[in-house]
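Here is the structure we will look at, set down as structure tokens.
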Amino acid sequence: MILRKPFAILIKNFKRIHIVLAVLACYMVYETSVLSSFFTSYIKMPTTLLDPTETDKLIPFLAFLIPVILILGCLIILVLMRFKKKPITFYIVSILVCMISVLAYVYSLSTLSGLEINLTDVRTLKLNQDITRTALILQFFMALIMIVRATGFDIKKFDFNKDLEQLDIEEADNEEFEFNVEFEEGKYKRNLNRFRRYAKYIIKENKVALTILGVLLLTGIGVFVYLNITVFHKVYKIGDSISTNDFGFTFEKVYQTPYDYEQKQVENKTYIIVNFEVQSYSSIKRKLESARVYLEIKGHKFYHNKDLNDKFFDLGTGYADQKLNTEKQKYSFIYEIPNTLLKYDKYLYYTDGLENYKIKVSPTEIGEAKIEKEYRIGDTANLANSILGKSSITFTSLEIAERFKETYEYCISSSTCLQANEYVIPTFAGNETKVLMKLVGSVSLSKDSNIDVDSLSKMSKRYGTLQYQVGNNNKTITDFVFVKPKQATSGNTIYIEVSNEILNASSIWFDLTIRDKTYRYILK
């Protein structure tokens with residue numbers, strides 16, 4: 001094979017090559033200037049999280065590809081200049097500038113990825129600003145010299161063409177040289193035909209063995225693929241039971257909401273609450289390391305924040321290092337994530353050190369509370385479309401008085417009991433005159449619910465709000481003071497201490513706000 005030395009071609013296309021390099025260098029200057037401007041403007045208002053799509057715009061794939069192409073181009077020209085014994089300093093410096101630029105992009109990309117989930121210290125932002133500015137200055141001078149060599153215009157000499165002419169295209173730069181690759185076509189065909197004959201003989205003589213081997217091979221491949229999909233790399237779904245070395249899990253429900261139980265919203269943040277059932281396989285009580293269960297979104301890992309347990313107690317009992325035993329117990333993990341990551345796939349992981357268990361998460365969104373339906377005394381409110389599932393509540397009667405007389409049995413012996421009376425009265429705490437509101441009703445709680453609100457008092461305390469109107473003023477009570485009889489059994493009856501002004505109320509209603517659903521009872 002006859003090849004030709006490339007030096008003459010490179011010398012003839014010297015300007016064209018530098019035009020391409022100059023365009024690429026100018027692109028680098030543009031990308032770095034955009035990145036530097038971003039950090040300059042972000043430092044002034046470092047209070048918002050960054051959308052992941054902005055990261056891709058600020059540092060696209062080309063930002064890493066262009067420097068690599070520039071390095072290759074500079075290496076080719078460097079070899080040419082070295083061969084012609086011409087100065088190579090500029091090309092060495094250009095390669096170093098490209099390497100520095102790539103490092104600057106990598107560091108900036110790390111900072112931008114952090115800004116997607118958390119605010120970053122101003123000092124870190126300023127460091128990124130300084131790094132990108134330094135890279136920008138170096139790139140600017142590199143691009144300027146590339147443009148000079150591409151146009152043939154030298155700022156100092158005003159005659160760069162002489163430098164190009166001094167490269168001297170010699171006859172040796174374009175001479176041909178022999179590159180031998182021996183190839184005998186006839187010998188190749190003979191060997192191929194011999195191989196075909198031997199293959200046919202082998203297949204005919206070992207047809208049964210080869211068939212069995214083929215079946216075993218296909219079966220092995222099928223088993224391997226099946227195990228990888230369903231066992232070794234299985235992706236579980238919510239509701240599946242997971243058995244690890246230490247614990248048994250069932251991740252039952254997942255909620256996504258920007259509101260805490262008081263309907264307060266945190267700016268730029270959303271909470272993901274995972275309800276799960278867990279039991280330990282050890283007879284010795286031990287804690288579950290919550291860091292082993294993390295939520296991963298677009299490469300970002302989030303861990304349970306037990307400080308948020310009190311803000312989401314209405315969605316389940318937050319795990320706070322309680323010791324577990326062989327009995328099944330229900331808890332919840334709470335993860336705080338930035339709104340910019342909500343549109344990406346979410347996966348929950350549990351790692352026991354030897355194996356990772358992956359669970360696909362599709363949260364149920366819980367928005368702002370809205371009135372679902374209004375009820376009257378005696379009606380049963382069906383709570384099936386709330387987070388409590390197949391549950392219901394009924395208020396059967398309402399009375400308001402200064403005190404209530406309750407009857408109970410007082411036993412003086414195992415065989416003798418007498419009827420006794422007890423008066424249930426307000427606590428008289430504070431300067432305001434109080435009365436009691438007596439509510440009788442019942443609660444039917446779904447067996448699948450992991451929220452302990454199986455009585456009228458628990459349901460009212462967790463979800464209830466009492467409102468009444470006196471004249472043109474609306475009054476609201478959220479922090480209930482329950483009064484319990486000392487002797488009499490209250491059963492399905494609750495006594496709520498309220499101001500005596502409720503006696504003059506024109507209307508009274510009781511709201512059960514179960515996250516985004518409000519069930520309103522018109523009591524008067």
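FYI, nothing fancy with the structure tokens labels: chains A, B, ... in order, residues from 1 per chain, ligands from 1 as they appear.
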
Need to verify the contact set: A:Lys264, 10 Å, only C-alpha atoms, exclusion of same-chain residues closer than 6 positions in sequence. Can you return it as an MDAnalysis selection string? chainID A and resid 258 311 368

Store the residues picked out above, limited to N, CA and C atoms, as a PDB file, in the first residue's frame.
```
ATOM      1  N   PRO A 258     -46.395  20.070  49.393  1.00  0.00           N
ATOM      2  CA  PRO A 258     -45.620  21.234  49.851  1.00  0.00           C
ATOM      3  C   PRO A 258     -46.123  21.782  51.176  1.00  0.00           C
ATOM      4  N   LYS A 311     -44.196  17.947  61.933  1.00  0.00           N
ATOM      5  CA  LYS A 311     -44.924  18.695  60.907  1.00  0.00           C
ATOM      6  C   LYS A 311     -45.795  17.792  60.035  1.00  0.00           C
ATOM      7  N   GLU A 368     -53.592  21.814  48.342  1.00  0.00           N
ATOM      8  CA  GLU A 368     -54.203  22.685  49.337  1.00  0.00           C
ATOM      9  C   GLU A 368     -55.589  22.153  49.708  1.00  0.00           C
TER      10      GLU A 368
END
```

Can you list, as JSON, numbers by chain, every protein, DNA or RNA residue that comes within 9 Å of A:Val498 when you count only C-alpha atoms, leaving out same-chain residues fewer than 2 positions away? {"A": [426, 433, 434, 435, 436, 437, 477, 480, 481, 496, 500, 501, 502]}

Using the selection just defined, write its residues with C-alpha atoms as a compact mmCIF listing (two decimals), in the first residue's frame.
```
# COMPACT_ATOMS: atom_id res chain seq x y z
CA PRO A 426 -65.17 23.30 82.63
CA THR A 433 -66.25 32.16 81.38
CA LYS A 434 -66.29 28.70 79.85
CA VAL A 435 -68.97 26.23 78.85
CA LEU A 436 -68.84 22.68 77.52
CA MET A 437 -69.80 21.45 74.08
CA ILE A 477 -60.66 26.96 67.75
CA PHE A 480 -58.99 21.79 71.77
CA VAL A 481 -59.21 21.47 75.55
CA ILE A 496 -64.77 20.39 74.45
CA ASN A 500 -69.55 30.96 76.72
CA GLU A 501 -70.05 33.33 73.80
CA ILE A 502 -70.77 30.25 71.71
```

I need the residue nearest A:Ile147 from this list: A:Lys187, A:His300, A:His18, A:Arg292. Use only C-alpha atoms for the distance. A:His18

Quick one: everything within 12 Å of A:Lys253, counting only C-alpha atoms, minus sequence neighbours fewer than 5 positions away in the same chain. Send it as a PyMOL selection string. chain A and resi 237-240+272-277+315-316+330-333+359-365+387-389+448-451

Could you turn the residues from that selection into a file that holds C-alpha atoms, as a JSON list (two decimals), in the first residue's frame?
```json
[["chain", "number", "residue", "atom", "x", "y", "z"],
["A", 237, "LYS", "CA", -42.96, -1.34, 43.58],
["A", 238, "ILE", "CA", -44.89, 0.21, 46.44],
["A", 239, "GLY", "CA", -46.74, -2.52, 48.31],
["A", 240, "ASP", "CA", -44.15, -5.25, 47.69],
["A", 272, "ILE", "CA", -42.13, 13.21, 50.21],
["A", 273, "ILE", "CA", -43.53, 11.05, 53.01],
["A", 274, "VAL", "CA", -43.06, 7.28, 52.82],
["A", 275, "ASN", "CA", -45.27, 5.11, 55.04],
["A", 276, "PHE", "CA", -43.80, 1.69, 55.75],
["A", 277, "GLU", "CA", -44.28, -1.37, 57.89],
["A", 315, "LEU", "CA", -49.57, 11.31, 57.72],
["A", 316, "GLY", "CA", -48.06, 8.76, 60.06],
["A", 330, "LYS", "CA", -45.68, 1.26, 61.18],
["A", 331, "TYR", "CA", -43.65, 4.43, 60.71],
["A", 332, "SER", "CA", -42.89, 7.02, 58.06],
["A", 333, "PHE", "CA", -39.77, 8.57, 56.52],
["A", 359, "ILE", "CA", -38.18, 0.61, 44.90],
["A", 360, "LYS", "CA", -39.91, 2.69, 42.23],
["A", 361, "VAL", "CA", -41.77, 5.58, 43.86],
["A", 362, "SER", "CA", -44.85, 7.27, 42.39],
["A", 363, "PRO", "CA", -46.16, 9.61, 45.10],
["A", 364, "THR", "CA", -49.77, 10.60, 45.59],
["A", 365, "GLU", "CA", -49.90, 14.40, 45.42],
["A", 387, "ILE", "CA", -55.49, 9.46, 53.15],
["A", 388, "LEU", "CA", -57.42, 7.43, 55.77],
["A", 389, "GLY", "CA", -58.87, 5.18, 53.09],
["A", 448, "ASP", "CA", -55.04, -0.49, 56.29],
["A", 449, "SER", "CA", -54.51, 2.90, 57.93],
["A", 450, "ASN", "CA", -51.23, 3.40, 59.79],
["A", 451, "ILE", "CA", -52.53, 6.57, 61.49]]
```

Name all residues at most 10 Å from stretch 454-460 of chain A (count only C-alpha atoms; drop same-chain ones fewer than 3 positions away) and give them as an mmCIF file with all heavy atoms, in the first residue's frame.
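Writing the result to out-v1.cif gives the following:
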```
data_model
loop_
_atom_site.group_PDB
_atom_site.id
_atom_site.type_symbol
_atom_site.label_atom_id
_atom_site.label_comp_id
_atom_site.auth_asym_id
_atom_site.auth_seq_id
_atom_site.Cartn_x
_atom_site.Cartn_y
_atom_site.Cartn_z
ATOM 1 N N SER A 391 -62.513 4.732 55.693
ATOM 2 C CA SER A 391 -62.863 5.143 57.057
ATOM 3 C C SER A 391 -64.087 6.045 57.013
ATOM 4 O O SER A 391 -64.458 6.573 55.949
ATOM 5 C CB SER A 391 -61.690 5.884 57.716
ATOM 6 O OG SER A 391 -60.514 5.094 57.701
ATOM 7 N N ILE A 393 -66.778 8.765 59.761
ATOM 8 C CA ILE A 393 -67.048 9.388 61.058
ATOM 9 C C ILE A 393 -68.498 9.864 61.069
ATOM 10 O O ILE A 393 -69.046 10.267 60.030
ATOM 11 C CB ILE A 393 -66.086 10.563 61.321
ATOM 12 C CG1 ILE A 393 -66.307 11.135 62.732
ATOM 13 C CG2 ILE A 393 -66.218 11.651 60.265
ATOM 14 C CD1 ILE A 393 -65.274 12.167 63.147
ATOM 15 N N THR A 394 -69.117 9.796 62.244
ATOM 16 C CA THR A 394 -70.517 10.215 62.396
ATOM 17 C C THR A 394 -70.671 11.030 63.673
ATOM 18 O O THR A 394 -70.182 10.621 64.736
ATOM 19 C CB THR A 394 -71.447 8.996 62.462
ATOM 20 O OG1 THR A 394 -71.250 8.178 61.323
ATOM 21 C CG2 THR A 394 -72.905 9.441 62.511
ATOM 22 N N PHE A 395 -71.321 12.198 63.563
ATOM 23 C CA PHE A 395 -71.740 12.972 64.732
ATOM 24 C C PHE A 395 -73.249 12.786 64.875
ATOM 25 O O PHE A 395 -74.009 13.135 63.966
ATOM 26 C CB PHE A 395 -71.405 14.457 64.567
ATOM 27 C CG PHE A 395 -69.931 14.749 64.722
ATOM 28 C CD1 PHE A 395 -69.175 15.177 63.634
ATOM 29 C CD2 PHE A 395 -69.306 14.600 65.943
ATOM 30 C CE1 PHE A 395 -67.830 15.441 63.769
ATOM 31 C CE2 PHE A 395 -67.957 14.866 66.081
ATOM 32 C CZ PHE A 395 -67.209 15.288 64.998
ATOM 33 N N LEU A 439 -70.230 16.491 72.251
ATOM 34 C CA LEU A 439 -70.423 15.879 70.932
ATOM 35 C C LEU A 439 -70.431 14.365 71.084
ATOM 36 O O LEU A 439 -69.529 13.784 71.706
ATOM 37 C CB LEU A 439 -69.303 16.289 69.966
ATOM 38 C CG LEU A 439 -69.448 17.626 69.250
ATOM 39 C CD1 LEU A 439 -68.159 17.971 68.523
ATOM 40 C CD2 LEU A 439 -70.618 17.600 68.268
ATOM 41 N N VAL A 440 -71.465 13.741 70.526
ATOM 42 C CA VAL A 440 -71.562 12.282 70.542
ATOM 43 C C VAL A 440 -71.437 11.783 69.109
ATOM 44 O O VAL A 440 -72.056 12.322 68.188
ATOM 45 C CB VAL A 440 -72.896 11.816 71.150
ATOM 46 C CG1 VAL A 440 -72.973 10.290 71.185
ATOM 47 C CG2 VAL A 440 -73.068 12.384 72.553
ATOM 48 N N GLY A 441 -70.643 10.767 68.934
ATOM 49 C CA GLY A 441 -70.453 10.226 67.585
ATOM 50 C C GLY A 441 -69.647 8.949 67.610
ATOM 51 O O GLY A 441 -69.442 8.330 68.660
ATOM 52 N N SER A 442 -69.158 8.544 66.439
ATOM 53 C CA SER A 442 -68.376 7.308 66.332
ATOM 54 C C SER A 442 -67.411 7.411 65.154
ATOM 55 O O SER A 442 -67.622 8.193 64.219
ATOM 56 C CB SER A 442 -69.292 6.093 66.150
ATOM 57 O OG SER A 442 -70.046 6.238 64.944
ATOM 58 N N VAL A 443 -66.362 6.601 65.205
ATOM 59 C CA VAL A 443 -65.344 6.565 64.149
ATOM 60 C C VAL A 443 -65.141 5.119 63.715
ATOM 61 O O VAL A 443 -65.023 4.213 64.553
ATOM 62 C CB VAL A 443 -64.006 7.153 64.641
ATOM 63 C CG1 VAL A 443 -62.900 6.901 63.624
ATOM 64 C CG2 VAL A 443 -64.150 8.644 64.899
ATOM 65 N N SER A 444 -65.106 4.913 62.415
ATOM 66 C CA SER A 444 -64.763 3.607 61.853
ATOM 67 C C SER A 444 -63.493 3.790 61.031
ATOM 68 O O SER A 444 -63.502 4.484 60.011
ATOM 69 C CB SER A 444 -65.898 3.077 60.969
ATOM 70 O OG SER A 444 -65.508 1.881 60.327
ATOM 71 N N LEU A 445 -62.392 3.203 61.499
ATOM 72 C CA LEU A 445 -61.090 3.404 60.868
ATOM 73 C C LEU A 445 -60.702 2.205 60.021
ATOM 74 O O LEU A 445 -60.883 1.056 60.433
ATOM 75 C CB LEU A 445 -60.015 3.651 61.932
ATOM 76 C CG LEU A 445 -58.626 4.059 61.432
ATOM 77 C CD1 LEU A 445 -58.687 5.417 60.741
ATOM 78 C CD2 LEU A 445 -57.634 4.097 62.591
ATOM 79 N N SER A 446 -60.174 2.488 58.838
ATOM 80 C CA SER A 446 -59.734 1.427 57.935
ATOM 81 C C SER A 446 -58.618 0.593 58.570
ATOM 82 O O SER A 446 -57.738 1.115 59.245
ATOM 83 C CB SER A 446 -59.228 2.036 56.624
ATOM 84 O OG SER A 446 -58.598 1.054 55.825
ATOM 85 N N SER A 449 -55.065 1.605 57.527
ATOM 86 C CA SER A 449 -54.512 2.895 57.934
ATOM 87 C C SER A 449 -53.412 2.697 58.981
ATOM 88 O O SER A 449 -53.532 1.891 59.898
ATOM 89 C CB SER A 449 -55.611 3.789 58.511
ATOM 90 O OG SER A 449 -55.065 4.990 59.004
ATOM 91 N N ILE A 451 -52.376 5.351 60.691
ATOM 92 C CA ILE A 451 -52.528 6.569 61.492
ATOM 93 C C ILE A 451 -53.500 6.276 62.630
ATOM 94 O O ILE A 451 -54.622 5.819 62.400
ATOM 95 C CB ILE A 451 -53.036 7.736 60.630
ATOM 96 C CG1 ILE A 451 -52.109 7.946 59.430
ATOM 97 C CG2 ILE A 451 -53.120 9.020 61.441
ATOM 98 C CD1 ILE A 451 -52.598 8.940 58.407
ATOM 99 N N TYR A 463 -57.371 16.307 63.462
ATOM 100 C CA TYR A 463 -57.858 16.906 62.222
ATOM 101 C C TYR A 463 -58.910 18.001 62.427
ATOM 102 O O TYR A 463 -59.251 18.701 61.476
ATOM 103 C CB TYR A 463 -58.460 15.828 61.308
ATOM 104 C CG TYR A 463 -57.509 14.731 60.920
ATOM 105 C CD1 TYR A 463 -57.761 13.414 61.289
ATOM 106 C CD2 TYR A 463 -56.356 15.015 60.199
ATOM 107 C CE1 TYR A 463 -56.889 12.393 60.926
ATOM 108 C CE2 TYR A 463 -55.483 13.993 59.830
ATOM 109 C CZ TYR A 463 -55.741 12.699 60.203
ATOM 110 O OH TYR A 463 -54.875 11.698 59.851
ATOM 111 N N GLY A 464 -59.450 18.125 63.637
ATOM 112 C CA GLY A 464 -60.623 18.970 63.827
ATOM 113 C C GLY A 464 -60.348 20.458 63.999
ATOM 114 O O GLY A 464 -59.314 20.869 64.527
ATOM 115 N N THR A 465 -61.302 21.265 63.541
ATOM 116 C CA THR A 465 -61.320 22.713 63.752
ATOM 117 C C THR A 465 -62.766 23.124 64.030
ATOM 118 O O THR A 465 -63.664 22.804 63.232
ATOM 119 C CB THR A 465 -60.804 23.476 62.512
ATOM 120 O OG1 THR A 465 -59.470 23.067 62.221
ATOM 121 C CG2 THR A 465 -60.810 24.975 62.757
ATOM 122 N N LEU A 466 -62.988 23.800 65.147
ATOM 123 C CA LEU A 466 -64.329 24.261 65.503
ATOM 124 C C LEU A 466 -64.449 25.744 65.163
ATOM 125 O O LEU A 466 -63.590 26.545 65.530
ATOM 126 C CB LEU A 466 -64.598 24.048 66.991
ATOM 127 C CG LEU A 466 -65.954 24.528 67.512
ATOM 128 C CD1 LEU A 466 -67.088 23.724 66.880
ATOM 129 C CD2 LEU A 466 -66.010 24.449 69.034
ATOM 130 N N THR A 478 -58.674 25.692 67.224
ATOM 131 C CA THR A 478 -57.916 24.546 66.689
ATOM 132 C C THR A 478 -57.260 23.726 67.788
ATOM 133 O O THR A 478 -57.060 22.524 67.642
ATOM 134 C CB THR A 478 -56.840 25.031 65.708
ATOM 135 O OG1 THR A 478 -56.004 25.992 66.365
ATOM 136 C CG2 THR A 478 -57.461 25.675 64.482
ATOM 137 N N PHE A 480 -57.872 22.175 70.914
ATOM 138 C CA PHE A 480 -58.993 21.791 71.770
ATOM 139 C C PHE A 480 -58.542 21.476 73.204
ATOM 140 O O PHE A 480 -57.483 20.882 73.421
ATOM 141 C CB PHE A 480 -59.715 20.559 71.207
ATOM 142 C CG PHE A 480 -60.404 20.818 69.896
ATOM 143 C CD1 PHE A 480 -60.389 19.868 68.892
ATOM 144 C CD2 PHE A 480 -61.071 22.010 69.677
ATOM 145 C CE1 PHE A 480 -61.028 20.090 67.693
ATOM 146 C CE2 PHE A 480 -61.719 22.244 68.473
ATOM 147 C CZ PHE A 480 -61.692 21.290 67.477
ATOM 148 N N PHE A 482 -59.940 19.208 75.963
ATOM 149 C CA PHE A 482 -60.920 18.154 76.240
ATOM 150 C C PHE A 482 -61.070 17.983 77.755
ATOM 151 O O PHE A 482 -60.081 17.974 78.494
ATOM 152 C CB PHE A 482 -60.477 16.825 75.629
ATOM 153 C CG PHE A 482 -60.501 16.807 74.129
ATOM 154 C CD1 PHE A 482 -59.328 16.983 73.406
ATOM 155 C CD2 PHE A 482 -61.687 16.633 73.435
ATOM 156 C CE1 PHE A 482 -59.341 16.962 72.026
ATOM 157 C CE2 PHE A 482 -61.707 16.613 72.054
ATOM 158 C CZ PHE A 482 -60.531 16.787 71.348
ATOM 159 N N GLY A 491 -66.888 6.948 76.528
ATOM 160 C CA GLY A 491 -67.176 6.173 75.329
ATOM 161 C C GLY A 491 -67.004 6.984 74.067
ATOM 162 O O GLY A 491 -65.936 7.528 73.793
ATOM 163 N N ASN A 492 -68.093 7.113 73.300
ATOM 164 C CA ASN A 492 -68.065 7.865 72.043
ATOM 165 C C ASN A 492 -68.485 9.320 72.229
ATOM 166 O O ASN A 492 -68.998 9.943 71.307
ATOM 167 C CB ASN A 492 -68.973 7.199 71.011
ATOM 168 C CG ASN A 492 -68.418 5.861 70.554
ATOM 169 O OD1 ASN A 492 -67.209 5.687 70.495
ATOM 170 N ND2 ASN A 492 -69.300 4.925 70.242
ATOM 171 N N THR A 493 -68.277 9.835 73.423
ATOM 172 C CA THR A 493 -68.661 11.215 73.738
ATOM 173 C C THR A 493 -67.424 12.031 74.068
ATOM 174 O O THR A 493 -66.530 11.563 74.778
ATOM 175 C CB THR A 493 -69.629 11.256 74.924
ATOM 176 O OG1 THR A 493 -70.779 10.454 74.632
ATOM 177 C CG2 THR A 493 -70.069 12.675 75.223
ATOM 178 N N ILE A 494 -67.339 13.250 73.541
ATOM 179 C CA ILE A 494 -66.248 14.153 73.873
ATOM 180 C C ILE A 494 -66.832 15.458 74.413
ATOM 181 O O ILE A 494 -67.917 15.879 74.006
ATOM 182 C CB ILE A 494 -65.330 14.443 72.661
ATOM 183 C CG1 ILE A 494 -66.121 15.040 71.495
ATOM 184 C CG2 ILE A 494 -64.571 13.215 72.240
ATOM 185 C CD1 ILE A 494 -65.236 15.487 70.332
ATOM 186 N N TYR A 495 -66.111 16.051 75.364
ATOM 187 C CA TYR A 495 -66.500 17.339 75.935
ATOM 188 C C TYR A 495 -65.392 18.343 75.600
ATOM 189 O O TYR A 495 -64.241 18.162 76.011
ATOM 190 C CB TYR A 495 -66.660 17.242 77.449
ATOM 191 C CG TYR A 495 -67.695 16.240 77.894
ATOM 192 C CD1 TYR A 495 -67.339 14.915 78.122
ATOM 193 C CD2 TYR A 495 -69.020 16.620 78.087
ATOM 194 C CE1 TYR A 495 -68.277 13.994 78.542
ATOM 195 C CE2 TYR A 495 -69.976 15.701 78.513
ATOM 196 C CZ TYR A 495 -69.597 14.380 78.728
ATOM 197 O OH TYR A 495 -70.535 13.467 79.139
ATOM 198 N N ILE A 496 -65.740 19.380 74.854
ATOM 199 C CA ILE A 496 -64.765 20.391 74.453
ATOM 200 C C ILE A 496 -65.075 21.688 75.191
ATOM 201 O O ILE A 496 -66.213 22.179 75.169
ATOM 202 C CB ILE A 496 -64.807 20.629 72.935
ATOM 203 C CG1 ILE A 496 -64.510 19.331 72.169
ATOM 204 C CG2 ILE A 496 -63.796 21.702 72.528
ATOM 205 C CD1 ILE A 496 -64.645 19.443 70.672
ATOM 206 N N PHE A 510 -68.109 22.314 62.323
ATOM 207 C CA PHE A 510 -66.932 21.548 62.733
ATOM 208 C C PHE A 510 -66.270 20.986 61.484
ATOM 209 O O PHE A 510 -66.887 20.215 60.749
ATOM 210 C CB PHE A 510 -67.346 20.418 63.681
ATOM 211 C CG PHE A 510 -66.201 19.732 64.371
ATOM 212 C CD1 PHE A 510 -65.769 20.155 65.612
ATOM 213 C CD2 PHE A 510 -65.544 18.671 63.770
ATOM 214 C CE1 PHE A 510 -64.716 19.519 66.261
ATOM 215 C CE2 PHE A 510 -64.489 18.031 64.403
ATOM 216 C CZ PHE A 510 -64.074 18.466 65.650
ATOM 217 N N ASP A 511 -65.020 21.397 61.224
ATOM 218 C CA ASP A 511 -64.284 20.942 60.035
ATOM 219 C C ASP A 511 -63.297 19.852 60.399
ATOM 220 O O ASP A 511 -62.536 19.971 61.373
ATOM 221 C CB ASP A 511 -63.516 22.098 59.393
ATOM 222 C CG ASP A 511 -64.431 23.063 58.663
ATOM 223 O OD1 ASP A 511 -65.588 22.691 58.391
ATOM 224 O OD2 ASP A 511 -63.993 24.204 58.378
ATOM 225 N N LEU A 512 -63.304 18.794 59.617
ATOM 226 C CA LEU A 512 -62.263 17.771 59.687
ATOM 227 C C LEU A 512 -61.401 17.931 58.441
ATOM 228 O O LEU A 512 -61.821 17.565 57.332
ATOM 229 C CB LEU A 512 -62.874 16.377 59.730
ATOM 230 C CG LEU A 512 -63.468 15.912 61.052
ATOM 231 C CD1 LEU A 512 -64.236 14.618 60.854
ATOM 232 C CD2 LEU A 512 -62.376 15.730 62.091
ATOM 233 N N THR A 513 -60.219 18.509 58.605
ATOM 234 C CA THR A 513 -59.330 18.737 57.464
ATOM 235 C C THR A 513 -58.275 17.648 57.451
ATOM 236 O O THR A 513 -57.317 17.664 58.222
ATOM 237 C CB THR A 513 -58.663 20.118 57.545
ATOM 238 O OG1 THR A 513 -59.683 21.126 57.567
ATOM 239 C CG2 THR A 513 -57.765 20.352 56.341
ATOM 240 N N ILE A 514 -58.494 16.689 56.577
ATOM 241 C CA ILE A 514 -57.574 15.560 56.442
ATOM 242 C C ILE A 514 -56.737 15.824 55.193
ATOM 243 O O ILE A 514 -57.101 15.458 54.077
ATOM 244 C CB ILE A 514 -58.338 14.234 56.345
ATOM 245 C CG1 ILE A 514 -59.294 14.107 57.536
ATOM 246 C CG2 ILE A 514 -57.373 13.055 56.301
ATOM 247 C CD1 ILE A 514 -60.195 12.917 57.475
#
```

Test item, strand (DSSP E or B) assignment across stretch 386-439 of chain A, answer as a ChimeraX atom specification: /A:392-401,404-411,417-424,434-439

Return as a tab-separated table the residues of stretch 20-68 of chain A lying at most 8 Å from stretch 142-145 of chain A, together with the closest atom-to-atom pair for each and the distance in Å to one decimal, counting only C-alpha atoms, with rows in chain order and ascending residue number.
```
residue	atom	partner	partner_atom	distance
A:Ala22	CA	A:Ala143	CA	5.6
A:Ala25	CA	A:Ala143	CA	5.0
A:Cys26	CA	A:Ala143	CA	5.8
A:Val29	CA	A:Ala143	CA	7.8
```

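Counting from atom CA of A:Ser94, the distance to atom CA of A:Arg133 is 16.7 Å.
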
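Residue nearest A:Glu116, chosen from A:Leu24, A:Leu398, A:Ala199, A:Leu50 and counting only C-alpha atoms: A:Leu50.
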
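Pairwise distance (atom CA of A:Pro485, atom CA of A:Arg462) equals 21.0 Å.
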
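Atom CA of A:Ser506 lies 20.3 Å from atom CA of A:Tyr519.
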
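Distance check against A:Gln279 using only C-alpha atoms: of A:Lys323, A:His304, A:Lys57, A:Lys328, the minimum falls on A:Lys328.
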
When DSSP is applied to the backbone of this structure, which of stretch 121-340 of chain A are assigned helix (DSSP H, G or I)? Write them out as number ranges by chain. A: 122-151, 160-165, 171-174, 185-205, 207-232, 290-292, 306-315, 339-340

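Across A:Lys287, A:Asn339, A:Thr489, A:Thr134, the tightest approach to A:Thr407 is made by A:Thr489 when counting only C-alpha atoms.
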
Applying 8 Å and only C-alpha atoms, which residues near A:Ser290 remain after dropping the ones on its own chain fewer than 4 positions away? List them as JSON, numbers by chain. {"A": [294, 303, 304, 321]}

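Shortest atom-to-atom contact with A:Thr132 among A:Thr32, A:Leu62, A:Ile69, A:Asn193: A:Thr32, counting only C-alpha atoms.
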